[in-house]
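Remarks on the structure that follows.
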Amino acid sequence: MRSILLLLILVGSVPFCLVNPYYGVLMWFWTSYFNPHRFTWGFTYNLPVALIVAVPTILGTLFCKKSLRSLLTREAVLLLGLWLWYAISYVNALGEPNFEGHMVEASYEINHISKIFLMMFIMIMVITTRQKLHGVLLVSAGSLGLLALKGTLFGLRTSGEFRVFGPPDSFLTDNNAFGLAVNVSLPILFFLAREETIRWRRSVLYTLFGAGVTSVLLTYSRGGLLGLAMVLGLIMLRSRHKTLSVIALATSAFLVLSFAPDSWMNRMSQFAAGNLDATANQRLVSWGTAWRFAHDYPVAGGSFDALPDVAIYQRYQPRPLPDGLVSSGPHSIYFQLLADQGFIGVALFLVLIASCFWTLFRVRRLARQIPSAGWMINHTFMIEASMIAFMTSGAFLGFAYLDLIYQMIGIVVILKMLLRKEIESYLRLPSEKSAVERLEEAQVLA
């Protein structure tokens, strides 16, 4: 029954995606994040659901002749440059005999990341209003929130004795990846709930937010725990009721420490005490390996999945891994990019992230001067917190190619374009100011 229902939804959505690419973007994020096919059986389990909605969405975008103006922004150009560098790094690695051990995985990754980048550019072109942006945020964060709710119910039923994972055979299957993704969605759920005027919708969003916090704890991911602490701290700073937020946060921490199962406490206690266990030592060895490898291949790195390559890892590791392991992943987005894409790749990524933070700050500052753009202020806080969550958790987790960070970058571009529209509309309004004053105001806002 599930398989038939999913197939009907997908087939029925194709003409809508073709006529209106906006619905295709919504469907793509739903299928990519919620992974509905992984909750079915039979032939639909391995159905390329994202591809089914992506193809008509791309065709619909071409037929609708969307404006390319949004792709000329600084962040969009940097994003395109990063995509090109990923491709250059991959092509360069194809001619290197020492990289043969991971080129099959690299081929899969370049195809996967290219699909992500393509759909992000489609999203940038088709999201042209506040309402459409709200829809994308709601579908994206809501999909992850529903998965978090499912994980929370599982955790409550099992008294938290078992880890929570994402949908099987997906990019969220790993507990660390799932914790990271939910952390990114938490600020979106919180700020959308705070802005929601309909009571039942607000209650649903706050419920998903609470389930997200709980599910991150239940993943047993220590990188996820760091990101969660950062997210809750940022939300508390932006809360209208800071005292109540501090009390709620302290009460929640007390309840967690009081009722957490022994398995969770044992995993987190060593981390909190600063003691190094096998996994922490594994991270240190992997970071040293990535650093040493990057010195031999500083420009383009080894392309995707360089470090899990046993031959490369054993050649550059500074000391043996604990527990007799022969190789390991990078365990950090920064060292992952360093090994995979070289110093140029990691520099491009960091410059892009820095550019996004600067743009969010500038959008927020200008939006305060335009009454009709006031709604953007909360959105800048939302995306800023989501990106900080990714950068914090990602310092200890190797998921640099996770869809969500590239979606956040795309939303920064969308906010910049929507602000430009608000400025243009504002400057066309009748005013009692002199021509010189309006000219000066236009220069400041521009």
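Within each chain, counting starts at residue 1; across the structure tokens, chains are named A, B, ... in the order shown, with ligands numbered 1 upward in that order.
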
Would you mind listing, for every residue of segment 278-368 of chain A within 12 Å of segment 386-404 of chain A, the two atoms forming the shortest contact and the distance between them in Å to one decimal, using only C-alpha atoms, sorted by chain and ascending residue number, as a tab-separated table?
residue	atom	partner	partner_atom	distance
A:Thr279	CA	A:Phe396	CA	10.8
A:Ala280	CA	A:Phe396	CA	9.5
A:Gln282	CA	A:Phe396	CA	11.2
A:Arg283	CA	A:Phe396	CA	7.8
A:Leu284	CA	A:Phe396	CA	10.1
A:Ser286	CA	A:Gly398	CA	10.6
A:Trp287	CA	A:Phe396	CA	10.0
A:Ala290	CA	A:Gly398	CA	11.8
A:Phe304	CA	A:Tyr401	CA	9.5
A:Asp305	CA	A:Gly398	CA	10.1
A:Ala306	CA	A:Gly398	CA	11.9
A:Leu307	CA	A:Gly398	CA	10.5
A:Pro308	CA	A:Gly398	CA	11.1
A:Ser328	CA	A:Gly398	CA	10.6
A:Gly329	CA	A:Gly398	CA	7.0
A:Pro330	CA	A:Gly398	CA	5.7
A:His331	CA	A:Gly398	CA	4.3
A:Ser332	CA	A:Gly398	CA	4.3
A:Ile333	CA	A:Ala400	CA	4.6
A:Tyr334	CA	A:Ala395	CA	6.6
A:Phe335	CA	A:Gly398	CA	8.1
A:Gln336	CA	A:Gly398	CA	6.1
A:Leu337	CA	A:Ala400	CA	6.9
A:Leu338	CA	A:Ala400	CA	10.5
A:Ala339	CA	A:Gly398	CA	11.3
A:Asp340	CA	A:Ala400	CA	10.1
A:Gln341	CA	A:Ala400	CA	11.0
A:Gly345	CA	A:Ala400	CA	11.5
A:Val346	CA	A:Ala400	CA	10.1
A:Phe349	CA	A:Ala400	CA	9.6
A:Leu350	CA	A:Met391	CA	10.1
A:Leu352	CA	A:Met387	CA	11.7
A:Ile353	CA	A:Met387	CA	8.3
A:Ala354	CA	A:Met387	CA	10.5
A:Cys356	CA	A:Met387	CA	9.2
A:Phe357	CA	A:Met387	CA	8.8
A:Leu360	CA	A:Met387	CA	11.0

Discussion item. When you look at Arg130 of chain A with a cut-off of 10 Å (counting only C-alpha atoms), what residues show up, excluding the ones that are within fewer than 3 positions of it in the same chain? I need them as a list in words.
Written reply: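 The contact residues come out as Ile127, Leu133, His134, Gly135, Ala373, Trp375, Met376, Ile414, Leu415 and Leu418 of chain A.
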
Worksheet item: Which residues come within 10 Å of Thr40 of chain A, counting only C-alpha atoms, excluding same-chain residues fewer than 6 positions away, as a list in words?
Response: Met1, Arg2, Ser3, Ile4, Leu5, Leu6 and Asn46 of chain A

Name the residues in contact with Lys115 of chain A at a cut-off of 12 Å, using only C-alpha atoms, excluding same-chain residues fewer than 4 positions from it; report them as a CSV table (one decimal) with N, CA and C atoms, in the first residue's frame.
chain,number,residue,atom,x,y,z
A,28,TRP,N,11.4,18.0,-4.5
A,28,TRP,CA,12.8,17.5,-4.4
A,28,TRP,C,13.4,17.5,-3.0
A,32,SER,N,14.4,14.2,-0.9
A,32,SER,CA,15.8,14.1,-0.6
A,32,SER,C,16.0,14.0,1.0
A,50,ALA,N,14.2,11.2,-6.1
A,50,ALA,CA,14.7,12.6,-6.4
A,50,ALA,C,14.8,12.9,-7.8
A,51,LEU,N,15.3,11.9,-8.6
A,51,LEU,CA,15.5,12.1,-10.0
A,51,LEU,C,14.2,12.2,-10.8
A,54,ALA,N,13.2,15.7,-10.2
A,54,ALA,CA,14.2,16.7,-10.6
A,54,ALA,C,14.2,17.0,-12.1
A,55,VAL,N,14.0,15.9,-12.9
A,55,VAL,CA,14.0,16.1,-14.4
A,55,VAL,C,12.9,17.0,-14.8
A,58,ILE,N,13.7,20.7,-13.7
A,58,ILE,CA,14.7,21.3,-14.5
A,58,ILE,C,14.1,21.8,-15.9
A,83,TRP,N,31.8,24.5,-7.1
A,83,TRP,CA,31.4,23.3,-7.9
A,83,TRP,C,32.4,23.0,-9.0
A,108,TYR,N,31.0,8.4,-7.7
A,108,TYR,CA,29.7,8.5,-7.2
A,108,TYR,C,29.5,9.9,-6.5
A,109,GLU,N,30.4,10.4,-5.8
A,109,GLU,CA,30.3,11.6,-5.1
A,109,GLU,C,30.2,12.8,-6.0
A,110,ILE,N,31.0,12.8,-7.1
A,110,ILE,CA,30.9,14.0,-8.0
A,110,ILE,C,29.6,14.0,-8.7
A,111,ASN,N,29.0,12.9,-9.0
A,111,ASN,CA,27.6,12.9,-9.6
A,111,ASN,C,26.6,13.3,-8.5
A,119,MET,N,20.4,21.6,-8.4
A,119,MET,CA,19.1,21.8,-7.8
A,119,MET,C,19.1,23.1,-6.9
A,120,MET,N,20.3,23.4,-6.3
A,120,MET,CA,20.4,24.6,-5.5
A,120,MET,C,20.3,25.8,-6.5
A,121,PHE,N,20.9,25.8,-7.6
A,121,PHE,CA,20.7,26.9,-8.6
A,121,PHE,C,19.3,27.0,-9.1
A,122,ILE,N,18.6,25.9,-9.3
A,122,ILE,CA,17.2,25.9,-9.7
A,122,ILE,C,16.4,26.6,-8.6
A,401,TYR,N,29.8,17.4,2.3
A,401,TYR,CA,29.0,17.5,1.1
A,401,TYR,C,27.5,17.3,1.5
A,403,ASP,N,23.7,18.0,1.9
A,403,ASP,CA,22.9,18.9,1.1
A,403,ASP,C,22.5,20.2,1.8
A,406,TYR,N,24.5,23.6,1.5
A,406,TYR,CA,24.4,24.2,0.2
A,406,TYR,C,23.0,24.8,0.0

Discussion item. List as number ranges by chain the protein and nucleic acid residues near Leu419 of chain A, meaning an atom at most 8 Å away when only C-alpha atoms are counted, but skip any in the same chain fewer than 3 places from it.
Written reply: A: 363, 367, 373, 415-416, 422-423

Worksheet entry | d(atom CA of Val184 of chain A, atom CA of Phe34 of chain A) in Å |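 Calculated distance between atom CA of Val184 of chain A and atom CA of Phe34 of chain A is 14.6 Å.
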